[in-house]
Every structure is written in structure tokens, then in C-alpha cells.
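Trainee: Dropping the structure in here first, questions after.
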Amino acid sequence: MHEVKTKSLLNGRVTGLSVRWDNGQFTLIVTDRGILACGIFDPEILEHFKMAGALCRGTPESPLKEPEDLLTAKVAEVSSKAARLGIKKGMTGSRALEILARNKKTKL
């Protein structure tokens, strides 16, 4: 069995997605500028497509199942485009999302 859920966050400025199947799941938050996601995503693909992306890592004891789980997790990987926006490894997902959810003012 599988399950896909979407939810509007930050007053509709971003969309959270969670996907589950037997023995696994992933979650991400999509903004106009990029993504905040769990570690299932490949940082090299973010670079290849020139995406702003911040990836967090869950653990077996504390998996990242819902978009809200990303907010308290620490950022483990940052694409170069996300780094230019000011996102850094070790910051909370919440802080990274604040940066990603800002209005686009400058083109990267």
C-alpha cells in the first residue's frame, strides 16, 4: 500500500509532500525558489539541474515522515544555488525554509 499527501504551508506560499509505502517514505517542501527535502534526494542531481536545495537527514529512531519533520531537522547537504541564497549546513530546516520561501528579488 502507498499513500501520498500534500499540504499547504506558510499561508499557501509553499507545498509540503509526503509519500509512504511499505517500509519507506520521503518528504519534501517545494517553494518557488527550491526545495527542502529529506536525504532520499541526490545532491548531485540538484547541482545538475541548478536547483536550490537543502537536504536534511532522518534516522531510524527519528525518520523524516511529514513536511513538518523537516523544520526541526538540521540541514546536511546544500546545493551551490542554495548556498548563494544563504543556506548553510547545520542550520535548521525552518531557517532554510524561511530563506527559500522569501519572495524572489534577485535572479541567481
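By convention in this document, the chains of the C-alpha cells carry letters A, B, ... by their order, each chain's residues are numbered from 1, and ligands are numbered from 1 in the order they are shown.
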Need to verify the contact set: range 19-25 of chain A, 10 Å, only C-alpha atoms, exclusion of same-chain residues closer than 5 positions in sequence. Can you return it as an MDAnalysis selection string?
Mentor: chainID A and resid 1:6 38 40 63:66
Trainee: Could you go through range 48-86 of chain A and tell me which residues DSSP, when run on the backbone, assigns to alpha helix (DSSP H), listing them as a PyMOL selection string?
Mentor: chain A and resi 48+67-72+80-85
Trainee: Please give the complete set of residues from chain A that DSSP, run on the backbone, assigns to strand (DSSP E or B), formatted as number ranges by chain.
Mentor: A: 2-9, 14-21, 24-30, 34-38, 52-56, 74-78, 92
Trainee: Which polymer residues have any atom within 12 Å of an atom of Asp32 in chain A, counting only C-alpha atoms, with same-chain residues fewer than 6 positions away left out, as a list of chain:residue names?
Mentor: A:Gly12, A:Arg13, A:Val14, A:Thr15, A:Met51, A:Ala52, A:Gly53, A:Leu97, A:Ile99, A:Leu100, A:Ala101, A:Arg102, A:Asn103, A:Lys104, A:Lys105
Trainee: Those residues you just picked out, can you put them in a file as a compact mmCIF listing (two decimals), in the first residue's frame with N, CA and C atoms?
Mentor:
```txt
# COMPACT_ATOMS: atom_id res chain seq x y z
N GLY A 12 0.07 29.18 2.23
CA GLY A 12 -0.02 28.83 0.82
C GLY A 12 1.19 29.18 -0.01
N ARG A 13 2.25 29.69 0.62
CA ARG A 13 3.44 30.06 -0.16
C ARG A 13 4.29 28.86 -0.53
N VAL A 14 4.12 27.74 0.18
CA VAL A 14 4.88 26.53 -0.12
C VAL A 14 3.97 25.32 -0.02
N THR A 15 4.41 24.23 -0.63
CA THR A 15 3.64 22.98 -0.59
C THR A 15 4.49 21.88 -0.01
N MET A 51 19.34 23.50 -9.17
CA MET A 51 18.26 23.74 -8.21
C MET A 51 18.81 24.24 -6.88
N ALA A 52 18.05 25.11 -6.24
CA ALA A 52 18.35 25.47 -4.86
C ALA A 52 17.73 24.38 -4.00
N GLY A 53 18.56 23.68 -3.26
CA GLY A 53 18.05 22.59 -2.44
C GLY A 53 18.82 22.43 -1.16
N LEU A 97 13.99 27.03 5.21
CA LEU A 97 12.71 27.27 4.54
C LEU A 97 12.37 28.76 4.52
N ILE A 99 14.42 31.12 4.16
CA ILE A 99 15.21 31.67 3.05
C ILE A 99 14.60 31.26 1.71
N LEU A 100 14.25 30.00 1.57
CA LEU A 100 13.69 29.51 0.30
C LEU A 100 12.32 30.11 0.01
N ALA A 101 11.57 30.47 1.05
CA ALA A 101 10.21 30.96 0.86
C ALA A 101 10.13 32.47 0.66
N ARG A 102 11.26 33.17 0.76
CA ARG A 102 11.26 34.62 0.52
C ARG A 102 10.82 34.89 -0.91
N ASN A 103 10.29 36.06 -1.11
CA ASN A 103 9.93 36.46 -2.47
C ASN A 103 11.20 36.54 -3.31
N LYS A 104 11.08 36.16 -4.56
CA LYS A 104 12.23 36.26 -5.47
C LYS A 104 12.50 37.72 -5.75
N LYS A 105 13.68 38.18 -5.43
CA LYS A 105 14.05 39.56 -5.70
C LYS A 105 15.20 39.65 -6.67
```
Trainee: Between A:Ile29, A:Val78, A:Ala73, A:Met91, which has the minimum distance to Leu9 in chain A (counting only C-alpha atoms)?
Mentor: A:Ile29
Trainee: Between CA of Ala37 in chain A and CA of Leu55 in chain A, measure the distance and give it in Å to one decimal.
Mentor: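 Answer for the CA of Ala37 in chain A to CA of Leu55 in chain A separation: 4.9 Å.
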Trainee: Point out the residue among A:Phe49, A:Leu85, A:Glu98, A:Cys56 with the least atom-to-atom distance to Leu10 in chain A, counting only C-alpha atoms.
Mentor: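 Of A:Phe49, A:Leu85, A:Glu98, A:Cys56, the one nearest Leu10 in chain A, counting only C-alpha atoms, is A:Glu98.
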Trainee: Name the closest residue to Gly58 in chain A among the candidates A:Leu46, A:Ser79, A:Phe26, A:Lys88; distances are taken between atoms, counting only C-alpha atoms.
Mentor: A:Phe26
Trainee: Write out as an NGL selection string each polymer residue whose atoms come within 12 Å of Thr92 in chain A, counting only C-alpha atoms; drop sequence neighbours fewer than 6 positions from it.
Mentor: :A and (36 or 54-57 or 68-77 or 98-99)
Trainee: Selected residues, C-alpha atoms, written as a PDB file, in the first residue's frame, please.
Mentor:
```
ATOM      1  CA  LEU A  36      13.790  21.495   1.452  1.00  0.00           C
ATOM      2  CA  ALA A  54      18.676  21.865   1.218  1.00  0.00           C
ATOM      3  CA  LEU A  55      18.633  18.234   2.314  1.00  0.00           C
ATOM      4  CA  CYS A  56      18.051  17.006   5.857  1.00  0.00           C
ATOM      5  CA  ARG A  57      18.759  13.536   7.212  1.00  0.00           C
ATOM      6  CA  GLU A  68       6.862  19.474   9.416  1.00  0.00           C
ATOM      7  CA  ASP A  69       9.584  16.993  10.440  1.00  0.00           C
ATOM      8  CA  LEU A  70      11.964  18.838   8.118  1.00  0.00           C
ATOM      9  CA  LEU A  71      11.557  22.050  10.106  1.00  0.00           C
ATOM     10  CA  THR A  72      13.319  20.768  13.229  1.00  0.00           C
ATOM     11  CA  ALA A  73      15.894  18.687  11.354  1.00  0.00           C
ATOM     12  CA  LYS A  74      19.375  20.009  10.594  1.00  0.00           C
ATOM     13  CA  VAL A  75      20.423  20.701   7.014  1.00  0.00           C
ATOM     14  CA  ALA A  76      23.064  18.145   5.972  1.00  0.00           C
ATOM     15  CA  GLU A  77      23.584  18.978   2.281  1.00  0.00           C
ATOM     16  CA  GLU A  98      12.487  30.929   5.586  1.00  0.00           C
ATOM     17  CA  ILE A  99      15.207  31.673   3.047  1.00  0.00           C
TER      18      ILE A  99
END
```
